[in-house]
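Source file: protein.tsv; contents: TSV, C-alpha atoms and all ligand atoms.
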```tsv
chain	number	residue	atom	x	y	z
A	1	MET	CA	45.55	-51.36	-318.81
A	2	ILE	CA	44.00	-54.44	-317.20
A	3	LYS	CA	43.30	-53.38	-313.64
A	4	PHE	CA	43.84	-55.74	-310.76
A	5	LEU	CA	40.32	-54.96	-309.60
A	6	ASP	CA	37.94	-52.51	-311.26
A	7	LEU	CA	35.80	-51.33	-308.35
A	8	GLN	CA	34.08	-48.69	-310.44
A	9	LYS	CA	32.81	-51.36	-312.82
A	10	ILE	CA	31.81	-53.63	-309.92
A	11	THR	CA	29.64	-50.88	-308.39
A	12	GLN	CA	28.27	-49.85	-311.79
A	13	LYS	CA	26.78	-53.30	-312.28
A	14	TYR	CA	24.13	-52.54	-309.64
A	15	SER	CA	24.43	-48.78	-309.83
A	16	GLU	CA	20.75	-47.91	-309.88
A	17	GLU	CA	19.84	-50.10	-306.93
A	18	ILE	CA	22.83	-48.86	-304.95
A	19	HIS	CA	21.97	-45.22	-305.65
A	20	ASN	CA	18.37	-45.85	-304.59
A	21	ALA	CA	19.53	-47.50	-301.37
A	22	VAL	CA	21.89	-44.64	-300.52
A	23	HIS	CA	19.23	-42.01	-301.25
A	24	ARG	CA	16.70	-43.88	-299.12
A	25	VAL	CA	19.04	-43.63	-296.13
A	26	VAL	CA	20.00	-40.01	-296.83
A	27	ASP	CA	16.35	-39.03	-296.96
A	28	SER	CA	15.39	-41.07	-293.90
A	29	GLY	CA	17.26	-38.90	-291.39
A	30	TRP	CA	18.39	-42.06	-289.53
A	31	TYR	CA	22.06	-42.97	-289.99
A	32	LEU	CA	23.14	-45.44	-287.32
A	33	GLN	CA	21.66	-48.50	-285.64
A	34	GLY	CA	18.41	-48.46	-287.54
A	35	LYS	CA	16.30	-50.52	-289.88
A	36	GLU	CA	18.99	-50.96	-292.54
A	37	ASN	CA	21.35	-52.65	-290.07
A	38	GLU	CA	18.56	-54.80	-288.76
A	39	ILE	CA	17.58	-55.97	-292.25
A	40	PHE	CA	21.13	-56.58	-293.41
A	41	GLU	CA	22.05	-58.48	-290.25
A	42	LYS	CA	19.03	-60.73	-290.71
A	43	ASN	CA	19.74	-61.35	-294.39
A	44	TYR	CA	23.46	-61.86	-293.89
A	45	ALA	CA	22.92	-64.36	-291.05
A	46	LYS	CA	20.51	-66.24	-293.30
A	47	TYR	CA	22.97	-66.17	-296.19
A	48	ILE	CA	25.82	-67.53	-294.06
A	49	GLY	CA	23.60	-70.04	-292.30
A	50	SER	CA	24.17	-68.71	-288.78
A	51	LYS	CA	21.53	-67.82	-286.22
A	52	TYR	CA	22.89	-64.32	-285.69
A	53	ALA	CA	24.91	-61.60	-287.38
A	54	VAL	CA	25.97	-58.30	-285.86
A	55	GLY	CA	27.39	-55.44	-287.91
A	56	CYS	CA	30.53	-53.58	-286.87
A	57	ALA	CA	32.93	-50.99	-288.25
A	58	ASN	CA	35.36	-53.23	-290.17
A	59	GLY	CA	36.76	-56.73	-290.48
A	60	LEU	CA	39.60	-56.25	-288.02
A	61	ASP	CA	37.10	-55.10	-285.38
A	62	SER	CA	34.89	-58.12	-286.05
A	63	LEU	CA	37.77	-60.40	-285.06
A	64	ILE	CA	38.90	-58.20	-282.16
A	65	LEU	CA	35.34	-58.18	-280.80
A	66	ILE	CA	35.04	-61.98	-280.93
A	67	PHE	CA	38.16	-62.50	-278.77
A	68	ARG	CA	37.24	-59.60	-276.50
A	69	ALA	CA	33.77	-61.08	-275.94
A	70	TYR	CA	35.26	-64.48	-275.06
A	71	ILE	CA	37.43	-62.69	-272.50
A	72	GLU	CA	34.45	-60.82	-271.04
A	73	LEU	CA	32.54	-64.12	-270.86
A	74	GLY	CA	35.41	-65.70	-268.91
A	75	ILE	CA	36.19	-68.24	-271.64
A	76	MET	CA	39.61	-66.75	-272.46
A	77	LYS	CA	42.03	-64.59	-270.51
A	78	PRO	CA	45.05	-62.50	-271.49
A	79	GLY	CA	48.09	-64.75	-271.90
A	80	ASP	CA	46.07	-67.58	-273.46
A	81	GLU	CA	47.16	-68.89	-276.83
A	82	VAL	CA	45.41	-68.86	-280.18
A	83	ILE	CA	46.57	-70.97	-283.12
A	84	VAL	CA	46.62	-69.10	-286.43
A	85	PRO	CA	48.23	-69.71	-289.85
A	86	ALA	CA	51.63	-68.05	-290.25
A	87	ASN	CA	50.86	-66.87	-293.79
A	88	THR	CA	47.78	-64.76	-293.14
A	89	PHE	CA	47.06	-61.05	-293.58
A	90	VAL	CA	48.34	-59.30	-290.47
A	91	ALA	CA	44.83	-58.37	-289.28
A	92	SER	CA	44.11	-61.97	-288.22
A	93	ILE	CA	47.08	-61.77	-285.87
A	94	LEU	CA	46.42	-58.19	-284.74
A	95	ALA	CA	43.01	-59.31	-283.46
A	96	ILE	CA	44.71	-61.84	-281.19
A	97	SER	CA	47.51	-59.65	-279.86
A	98	GLU	CA	45.21	-56.64	-279.41
A	99	ASN	CA	43.44	-58.68	-276.72
A	100	GLY	CA	46.63	-59.67	-274.88
A	101	LEU	CA	46.34	-63.19	-276.27
A	102	LYS	CA	49.33	-64.95	-277.79
A	103	PRO	CA	49.32	-65.85	-281.49
A	104	VAL	CA	50.88	-69.27	-282.09
A	105	LEU	CA	51.77	-69.55	-285.77
A	106	VAL	CA	51.38	-72.75	-287.77
A	107	GLU	CA	52.69	-73.41	-291.26
A	108	PRO	CA	50.32	-73.72	-294.25
A	109	ASN	CA	50.22	-76.42	-296.92
A	110	ILE	CA	52.37	-75.53	-299.89
A	111	ASP	CA	49.73	-76.60	-302.41
A	112	ASP	CA	46.59	-74.77	-301.25
A	113	TYR	CA	48.15	-72.15	-298.89
A	114	GLN	CA	45.71	-73.03	-296.06
A	115	ILE	CA	46.76	-73.94	-292.52
A	116	ASP	CA	48.34	-77.43	-292.42
A	117	ASP	CA	46.01	-79.38	-290.14
A	118	SER	CA	48.68	-82.04	-289.53
A	119	LYS	CA	50.85	-79.44	-287.77
A	120	ILE	CA	48.23	-78.05	-285.41
A	121	GLU	CA	48.17	-80.68	-282.65
A	122	SER	CA	51.85	-80.28	-281.78
A	123	ALA	CA	51.26	-76.53	-281.34
A	124	ILE	CA	48.51	-77.05	-278.75
A	125	THR	CA	49.49	-76.40	-275.11
A	126	ASN	CA	47.46	-76.16	-271.92
A	127	LYS	CA	47.11	-72.43	-272.64
A	128	THR	CA	45.56	-72.91	-276.09
A	129	LYS	CA	41.98	-71.67	-276.17
A	130	ALA	CA	41.14	-71.31	-279.86
A	131	ILE	CA	42.06	-72.00	-283.45
A	132	LEU	CA	41.57	-69.10	-285.83
A	133	VAL	CA	41.24	-70.54	-289.33
A	134	VAL	CA	41.66	-68.07	-292.17
A	135	HIS	CA	39.99	-68.93	-295.48
A	136	LEU	CA	42.87	-67.32	-297.30
A	137	TYR	CA	42.41	-66.06	-300.86
A	138	GLY	CA	38.78	-67.21	-300.60
A	139	GLN	CA	39.51	-70.93	-300.23
A	140	CYS	CA	38.07	-73.03	-297.42
A	141	ALA	CA	40.63	-73.76	-294.68
A	142	TYR	CA	38.24	-75.73	-292.47
A	143	THR	CA	38.74	-79.49	-292.24
A	144	GLN	CA	37.11	-82.23	-290.21
A	145	LYS	CA	40.48	-82.80	-288.58
A	146	ILE	CA	40.53	-79.22	-287.26
A	147	MET	CA	37.02	-79.65	-285.86
A	148	ASN	CA	38.06	-82.91	-284.19
A	149	LEU	CA	41.02	-81.17	-282.53
A	150	CYS	CA	38.71	-78.43	-281.24
A	151	GLU	CA	36.47	-81.05	-279.70
A	152	LYS	CA	39.34	-83.10	-278.27
A	153	TYR	CA	41.04	-80.12	-276.59
A	154	ASP	CA	37.91	-78.02	-275.94
A	155	LEU	CA	38.99	-75.15	-278.19
A	156	LYS	CA	36.87	-72.48	-279.83
A	157	LEU	CA	36.93	-72.56	-283.61
A	158	ILE	CA	36.90	-69.05	-285.02
A	159	GLU	CA	36.82	-68.30	-288.75
A	160	ASP	CA	38.40	-65.31	-290.44
A	161	ASN	CA	35.99	-65.13	-293.37
A	162	ALA	CA	37.19	-61.72	-294.59
A	163	GLN	CA	38.25	-63.09	-297.97
A	164	ALA	CA	35.75	-65.88	-298.39
A	165	HIS	CA	32.17	-64.62	-298.82
A	166	GLY	CA	30.42	-67.23	-300.93
A	167	CYS	CA	32.86	-70.04	-300.15
A	168	GLN	CA	31.38	-73.40	-299.18
A	169	TYR	CA	32.31	-76.53	-297.30
A	170	LYS	CA	30.10	-79.52	-298.14
A	171	GLY	CA	27.09	-77.33	-298.87
A	172	LYS	CA	27.56	-75.03	-295.88
A	173	LYS	CA	28.90	-71.50	-296.15
A	174	THR	CA	32.20	-70.67	-294.51
A	175	GLY	CA	31.41	-68.38	-291.60
A	176	SER	CA	28.93	-70.95	-290.26
A	177	LEU	CA	31.38	-73.77	-289.57
A	178	GLY	CA	32.84	-72.82	-286.19
A	179	ASP	CA	31.82	-71.02	-282.99
A	180	ALA	CA	32.06	-67.54	-284.47
A	181	ALA	CA	33.29	-65.84	-287.64
A	182	GLY	CA	34.61	-62.39	-288.50
A	183	HIS	CA	33.73	-60.87	-291.87
A	184	SER	CA	35.13	-57.82	-293.66
A	185	PHE	CA	33.24	-55.72	-296.16
A	186	TYR	CA	36.27	-53.67	-297.19
A	187	PRO	CA	35.48	-52.40	-300.73
A	188	GLY	CA	37.79	-54.86	-302.49
A	189	LYS	CA	36.42	-57.97	-300.79
A	190	ASN	CA	33.95	-60.31	-302.55
A	191	LEU	CA	31.12	-58.56	-300.72
A	192	GLY	CA	32.39	-55.00	-300.49
A	193	ALA	CA	30.83	-51.85	-299.03
A	194	LEU	CA	31.46	-48.29	-300.19
A	195	GLY	CA	33.84	-47.81	-297.29
A	196	ASP	CA	34.66	-49.81	-294.17
A	197	SER	CA	32.41	-52.26	-292.41
A	198	GLY	CA	32.37	-55.76	-291.00
A	199	ALA	CA	30.24	-58.31	-289.17
A	200	VAL	CA	30.36	-61.21	-286.75
A	201	THR	CA	28.24	-64.32	-287.27
A	202	SER	CA	27.57	-66.99	-284.67
A	203	ASN	CA	24.90	-69.29	-283.25
A	204	ASP	CA	25.94	-68.32	-279.72
A	205	GLU	CA	23.39	-65.85	-278.34
A	206	SER	CA	25.43	-64.75	-275.34
A	207	LEU	CA	28.50	-64.13	-277.50
A	208	ILE	CA	26.48	-62.04	-279.96
A	209	LYS	CA	24.84	-60.06	-277.14
A	210	THR	CA	28.24	-59.32	-275.62
A	211	ILE	CA	29.65	-58.23	-278.99
A	212	ARG	CA	26.66	-56.00	-279.67
A	213	SER	CA	27.25	-54.29	-276.37
A	214	LEU	CA	31.07	-54.08	-276.70
A	215	ALA	CA	30.70	-52.48	-280.13
A	216	ASN	CA	28.38	-49.85	-278.68
A	217	TYR	CA	30.59	-48.43	-275.87
A	218	GLY	CA	29.94	-51.51	-273.75
A	219	SER	CA	26.33	-50.55	-273.34
A	220	SER	CA	23.18	-52.57	-273.87
A	221	LYS	CA	20.89	-49.94	-272.36
A	222	LYS	CA	21.33	-46.24	-273.08
A	223	TYR	CA	23.86	-44.64	-270.68
A	224	VAL	CA	24.34	-47.88	-268.72
A	225	PHE	CA	27.78	-49.41	-269.30
A	226	ASP	CA	28.54	-53.05	-268.59
A	227	TYR	CA	31.94	-53.23	-270.30
A	228	ILE	CA	34.77	-50.87	-271.18
A	229	GLY	CA	33.62	-50.94	-274.77
A	230	LYS	CA	34.41	-49.30	-278.05
A	231	ASN	CA	32.53	-47.62	-280.84
A	232	SER	CA	32.45	-50.04	-283.75
A	233	ARG	CA	29.19	-49.85	-285.64
A	234	MET	CA	28.10	-50.29	-289.23
A	235	ASP	CA	26.64	-47.18	-290.89
A	236	GLU	CA	23.10	-47.40	-292.18
A	237	ILE	CA	24.32	-46.40	-295.66
A	238	GLN	CA	26.80	-49.30	-295.76
A	239	ALA	CA	24.16	-51.73	-294.52
A	240	ALA	CA	21.76	-50.59	-297.26
A	241	VAL	CA	24.43	-50.93	-299.96
A	242	LEU	CA	25.55	-54.34	-298.69
A	243	ASP	CA	21.99	-55.60	-298.65
A	244	VAL	CA	21.73	-54.77	-302.37
A	245	LYS	CA	25.00	-56.50	-303.21
A	246	LEU	CA	24.27	-59.54	-301.02
A	247	LYS	CA	21.47	-60.54	-303.39
A	248	TYR	CA	23.98	-60.92	-306.21
A	249	LEU	CA	26.85	-62.40	-304.21
A	250	ASP	CA	26.37	-66.03	-305.25
A	251	GLU	CA	26.04	-65.02	-308.88
A	252	ASP	CA	29.18	-62.86	-308.65
A	253	VAL	CA	31.12	-65.64	-306.94
A	254	SER	CA	30.09	-68.15	-309.60
A	255	ILE	CA	31.40	-65.80	-312.29
A	256	ARG	CA	34.70	-65.62	-310.39
A	257	GLN	CA	34.75	-69.42	-310.29
A	258	GLU	CA	34.20	-69.53	-314.06
A	259	VAL	CA	37.11	-67.15	-314.64
A	260	ALA	CA	39.26	-69.32	-312.38
A	261	LYS	CA	38.27	-72.44	-314.31
A	262	ILE	CA	39.41	-70.80	-317.55
A	263	TYR	CA	42.71	-69.81	-315.91
A	264	VAL	CA	43.29	-73.32	-314.58
A	265	LYS	CA	42.48	-74.89	-317.93
A	266	GLU	CA	44.40	-72.51	-320.13
A	267	ILE	CA	47.44	-71.27	-318.23
A	268	LYS	CA	50.18	-73.60	-319.35
A	269	ASN	CA	53.67	-72.55	-318.41
A	270	ASN	CA	55.78	-75.01	-316.45
A	271	ARG	CA	57.40	-72.18	-314.50
A	272	ILE	CA	54.07	-71.03	-313.12
A	273	ILE	CA	52.32	-72.99	-310.36
A	274	LEU	CA	48.54	-72.75	-310.24
A	275	PRO	CA	46.50	-72.97	-307.01
A	276	LYS	CA	45.30	-76.48	-306.15
A	277	ILE	CA	41.53	-76.67	-306.02
A	278	LYS	CA	39.89	-79.66	-304.34
A	279	ASP	CA	36.33	-78.65	-305.02
A	280	TRP	CA	35.24	-75.59	-307.03
A	281	LYS	CA	32.55	-74.59	-304.58
A	282	SER	CA	35.12	-74.51	-301.76
A	283	HIS	CA	36.91	-71.55	-303.36
A	284	ALA	CA	35.24	-68.14	-303.72
A	285	PHE	CA	38.26	-66.78	-305.62
A	286	HIS	CA	38.61	-63.50	-303.80
A	287	LEU	CA	42.10	-63.81	-305.27
A	288	PHE	CA	43.74	-66.00	-307.86
A	289	PRO	CA	47.30	-66.51	-306.64
A	290	ILE	CA	49.90	-68.10	-308.88
A	291	ARG	CA	53.41	-69.01	-307.78
A	292	CYS	CA	56.70	-68.55	-309.55
A	293	ILE	CA	60.33	-68.75	-308.42
A	294	ASP	CA	61.03	-65.69	-310.53
A	295	ARG	CA	58.03	-63.81	-309.15
A	296	ASN	CA	59.42	-60.28	-309.18
A	297	ARG	CA	60.48	-60.52	-312.81
A	298	LEU	CA	57.09	-61.99	-313.76
A	299	LYS	CA	55.34	-59.11	-312.00
A	300	GLU	CA	57.47	-56.60	-313.88
A	301	TYR	CA	56.81	-58.32	-317.20
A	302	LEU	CA	53.05	-58.19	-316.61
A	303	GLU	CA	53.27	-54.55	-315.59
A	304	ASP	CA	55.25	-53.74	-318.75
A	305	ASN	CA	52.38	-55.35	-320.63
A	306	GLU	CA	49.78	-53.31	-318.76
A	307	VAL	CA	48.47	-55.99	-316.41
A	308	GLN	CA	48.26	-55.03	-312.73
A	309	THR	CA	49.09	-57.67	-310.14
A	310	ILE	CA	49.42	-57.60	-306.34
A	311	ILE	CA	51.57	-59.67	-303.96
A	312	HIS	CA	49.49	-61.11	-301.11
A	313	TYR	CA	51.67	-60.62	-299.14
A	314	PRO	CA	55.29	-59.52	-299.58
A	315	ILE	CA	56.37	-59.90	-295.91
A	316	PRO	CA	54.95	-62.56	-293.56
A	317	PRO	CA	53.63	-61.33	-290.19
A	318	HIS	CA	56.46	-62.95	-288.20
A	319	LYS	CA	59.00	-60.89	-290.17
A	320	GLN	CA	57.23	-57.56	-289.57
A	321	LYS	CA	58.74	-54.90	-287.34
A	322	CYS	CA	55.55	-54.75	-285.26
A	323	TYR	CA	56.13	-58.36	-284.15
A	324	LYS	CA	59.79	-58.13	-283.16
A	325	GLU	CA	59.41	-61.00	-280.70
A	326	MET	CA	58.60	-63.30	-283.63
A	327	ASN	CA	61.27	-62.06	-286.06
A	328	LYS	CA	63.65	-64.90	-285.21
A	329	LEU	CA	61.08	-67.64	-285.77
A	330	SER	CA	61.44	-69.70	-288.91
A	331	PHE	CA	58.54	-70.77	-291.11
A	332	PRO	CA	60.14	-71.95	-294.36
A	333	ILE	CA	56.91	-72.80	-296.19
A	334	THR	CA	55.35	-69.48	-295.26
A	335	GLU	CA	58.48	-67.64	-296.34
A	336	LYS	CA	58.60	-69.55	-299.63
A	337	ILE	CA	54.98	-68.63	-300.36
A	338	HIS	CA	55.61	-64.96	-299.59
A	339	ASN	CA	58.60	-64.99	-301.95
A	340	GLU	CA	56.81	-66.67	-304.84
A	341	ILE	CA	53.13	-65.72	-304.70
A	342	LEU	CA	51.47	-63.30	-307.12
A	343	SER	CA	47.77	-62.48	-307.50
A	344	ILE	CA	46.58	-61.95	-311.06
A	345	PRO	CA	43.38	-60.06	-311.94
A	346	ILE	CA	40.11	-61.85	-311.24
A	347	SER	CA	36.61	-60.45	-310.77
A	348	GLN	CA	32.98	-60.74	-311.79
A	349	VAL	CA	33.35	-57.86	-314.25
A	350	MET	CA	36.46	-58.97	-316.14
A	351	SER	CA	35.95	-59.20	-319.91
A	352	LYS	CA	36.75	-62.34	-321.89
A	353	ALA	CA	39.29	-60.33	-323.87
A	354	ASP	CA	41.09	-59.35	-320.66
A	355	ILE	CA	41.08	-62.93	-319.37
A	356	ASP	CA	42.50	-64.15	-322.69
A	357	ARG	CA	45.15	-61.44	-322.66
A	358	VAL	CA	46.34	-62.43	-319.17
A	359	ILE	CA	46.50	-66.08	-320.24
A	360	TYR	CA	48.35	-65.23	-323.43
A	361	LEU	CA	50.92	-63.18	-321.54
A	362	LEU	CA	51.48	-65.88	-318.93
A	363	ASN	CA	51.81	-68.62	-321.53
A	364	SER	CA	54.29	-66.64	-323.59
A	365	TRP	CA	56.47	-65.66	-320.61
A	366	LYS	CA	59.96	-67.14	-320.64
B	401	LIG	C1	40.72	-57.71	-295.10
B	401	LIG	C2	41.07	-58.71	-294.07
B	401	LIG	C3	40.87	-58.46	-292.71
B	401	LIG	C4	40.51	-57.12	-292.16
B	401	LIG	O1	39.36	-56.55	-292.67
B	401	LIG	P1	39.22	-54.95	-292.68
B	401	LIG	O2	37.78	-54.75	-293.01
B	401	LIG	O3	40.13	-54.43	-293.72
B	401	LIG	O4	39.55	-54.46	-291.32
B	401	LIG	C5	41.11	-59.49	-291.82
B	401	LIG	N1	41.56	-60.68	-292.22
B	401	LIG	C6	41.80	-60.95	-293.52
B	401	LIG	C7	42.30	-62.30	-293.91
B	401	LIG	C8	41.60	-59.97	-294.48
B	401	LIG	O5	41.86	-60.22	-295.76
```
Output the structure of this file as structure tokens.
Amino acid sequence: MIKFLDLQKITQKYSEEIHNAVHRVVDSGWYLQGKENEIFEKNYAKYIGSKYAVGCANGLDSLILIFRAYIELGIMKPGDEVIVPANTFVASILAISENGLKPVLVEPNIDDYQIDDSKIESAITNKTKAILVVHLYGQCAYTQKIMNLCEKYDLKLIEDNAQAHGCQYKGKKTGSLGDAAGHSFYPGKNLGALGDSGAVTSNDESLIKTIRSLANYGSSKKYVFDYIGKNSRMDEIQAAVLDVKLKYLDEDVSIRQEVAKIYVKEIKNNRIILPKIKDWKSHAFHLFPIRCIDRNRLKEYLEDNEVQTIIHYPIPPHKQKCYKEMNKLSFPITEKIHNEILSIPISQVMSKADIDRVIYLLNSWK
């Protein structure tokens, strides 16, 4: 069986260092808000190229906290609108609606699945306060045109970098391109913890201070509460593990890029559409999505041949029951992608034999 993602093997690669890190925390007697968080936050901010990073409980919280902090700072208010791609993972949109803000969905490009920057301006109203770009599948969604729109209309640019650790735009890491970025360290992400955790990066000191407080019951001084906050903190154990894996992130991402290059070069089946890559460094290949009109049959065929695949995602957010008010909206490109997309195995621990097997199966599929 070729697994979609072999997490056991991914952890095993740095097993000794990870075990040492976990034991260090266990033996320290200090499990929250300590040295490990401080060190990881410093190293992660440096890696991304932001002034600050603050750890939190998960990726969804990182995005929720960014919008919440902008509300607390008086920059946004409930009812304001946030532009977001229609074909994202639901968490991007949950972070907006959780704060009483209104998600305004925009279609993606059909060739790279990222938000179509030519369709953003017509979605901007006098209530629009931010654009949330999602580097979906690990590919950079940021464009100069999006930045220009943010400047022209005085909008915050927020990045959902949950899938894109290691992705670059012209030599800069995604997560450093806008006003703030949310990051997820869910185990299956490019930089994955051994459980849940997340982080916010930004150069904005007052935003980071507000988030730090909001994530700690709304308190910046013990038993003094400035906001109606929440408890969203990163465990010391997760911080220690992430700090080990961060050292190898670029190496791991470059192996993913090599696997992707082999796929792009060798998958030759005119019924299968490969992702369009403008620049190899601008894709961290969290996923390798292919498209096929006969997607469900292709998935079954691969399963019958012992290759696991996953659909990211089967139902677009605007068709979900939780967003009834959006169910009648029509986004044909988004819907087409959701009907045809299929993620095939890709990782830094995939063997050459497994890569070749996947290619062979795809090329011989009729
Ligand atoms: C995983 C993910 C999130 C949420 O991260 P969690 O850590 O699972 O809460 C948000 N946005 C995108 C695009 C994701 O893929």
Margin query: At a cut-off of 7 Å around the point (30.1, -64.7, -305.0) (file coordinates), what residues fall inside when counting only C-alpha atoms? I'd like the answer as a list in words.
Written below: His165, Gly166, Asn190, Leu249, Asp250, Glu251, Asp252, Val253, Ser254 and Ala284 of chain A
Please, which residues in chain A fall within 10 Å of ligand LIG 401 (chain B) when counting only C-alpha atoms and all ligand atoms, and what is the closest atom pair and distance in Å to one decimal for each, ordered by chain then residue number, as CSV?
```
residue,atom,partner,partner_atom,distance
A:Cys56,CA,B:LIG401,O2,9.6
A:Ala57,CA,B:LIG401,O2,7.8
A:Asn58,CA,B:LIG401,O2,4.0
A:Gly59,CA,B:LIG401,O2,3.4
A:Leu60,CA,B:LIG401,O4,3.8
A:Asp61,CA,B:LIG401,O4,6.5
A:Ser62,CA,B:LIG401,O4,7.9
A:Leu63,CA,B:LIG401,C5,7.6
A:Ile64,CA,B:LIG401,O4,9.9
A:Asn87,CA,B:LIG401,C7,9.7
A:Thr88,CA,B:LIG401,C7,6.1
A:Phe89,CA,B:LIG401,C7,4.9
A:Val90,CA,B:LIG401,N1,7.1
A:Ala91,CA,B:LIG401,C5,4.6
A:Ser92,CA,B:LIG401,N1,4.9
A:Ile93,CA,B:LIG401,N1,8.5
A:Leu94,CA,B:LIG401,C5,8.9
A:Ala95,CA,B:LIG401,C5,8.6
A:Val133,CA,B:LIG401,C7,9.5
A:Val134,CA,B:LIG401,C7,6.1
A:His135,CA,B:LIG401,C7,7.2
A:Leu136,CA,B:LIG401,C7,6.1
A:Tyr137,CA,B:LIG401,O5,7.8
A:Gly138,CA,B:LIG401,C7,9.0
A:Glu159,CA,B:LIG401,N1,9.6
A:Asp160,CA,B:LIG401,N1,5.9
A:Asn161,CA,B:LIG401,C7,6.9
A:Ala162,CA,B:LIG401,C8,4.7
A:Gln163,CA,B:LIG401,O5,5.1
A:Ala164,CA,B:LIG401,C7,8.7
A:Gly182,CA,B:LIG401,C5,7.9
A:His183,CA,B:LIG401,O1,7.1
A:Ser184,CA,B:LIG401,O2,4.1
A:Phe185,CA,B:LIG401,O2,5.6
A:Tyr186,CA,B:LIG401,O2,4.6
A:Pro187,CA,B:LIG401,O2,8.4
A:Gly188,CA,B:LIG401,C1,8.4
A:Lys189,CA,B:LIG401,C1,7.1
A:Gly192,CA,B:LIG401,O2,9.2
A:Ala193,CA,B:LIG401,O2,9.6
A:Gly195,CA,B:LIG401,O2,9.1
A:Asp196,CA,B:LIG401,O2,6.0
A:Ser197,CA,B:LIG401,O2,5.9
A:Gly198,CA,B:LIG401,O2,5.9
A:Ala199,CA,B:LIG401,O2,9.2
A:His286,CA,B:LIG401,O5,9.3
A:His312,CA,B:LIG401,O5,9.4
```
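Rounded to one decimal, atom CA of A:Phe40 and atom CA of A:Leu242 lie 7.2 Å from each other.
Among the candidates A:Leu362, A:Ala260, A:Ile48, A:Ile131, the residue lying nearest to A:Tyr169 is A:Ile48 (atoms considered: only C-alpha atoms).
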A:Asp243 surroundings by only C-alpha atoms, 9 Å radius, close-in-sequence under 3 positions cut, as a list in words: Ala21, Glu36, Ile39, Phe40, Glu41, Asn43, Tyr44, Gln238, Ala239, Ala240, Leu246 and Lys247 of chain A
Atom pair atom CA of A:Val244 + atom CA of A:Tyr14, distance 8.0 Å
Can you tell me how far atom CA of A:Ile83 sits from atom CA of A:Leu105, in Å to one decimal?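 Atom CA of A:Ile83 sits 6.0 Å away from atom CA of A:Leu105.
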- Task: Identify which of the residues A:Phe285, A:Tyr217, A:Phe331, A:Tyr227 lies closest to A:Pro85, counting only C-alpha atoms when measuring atom-to-atom distances.
- Result: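 Closest candidate: A:Phe331.
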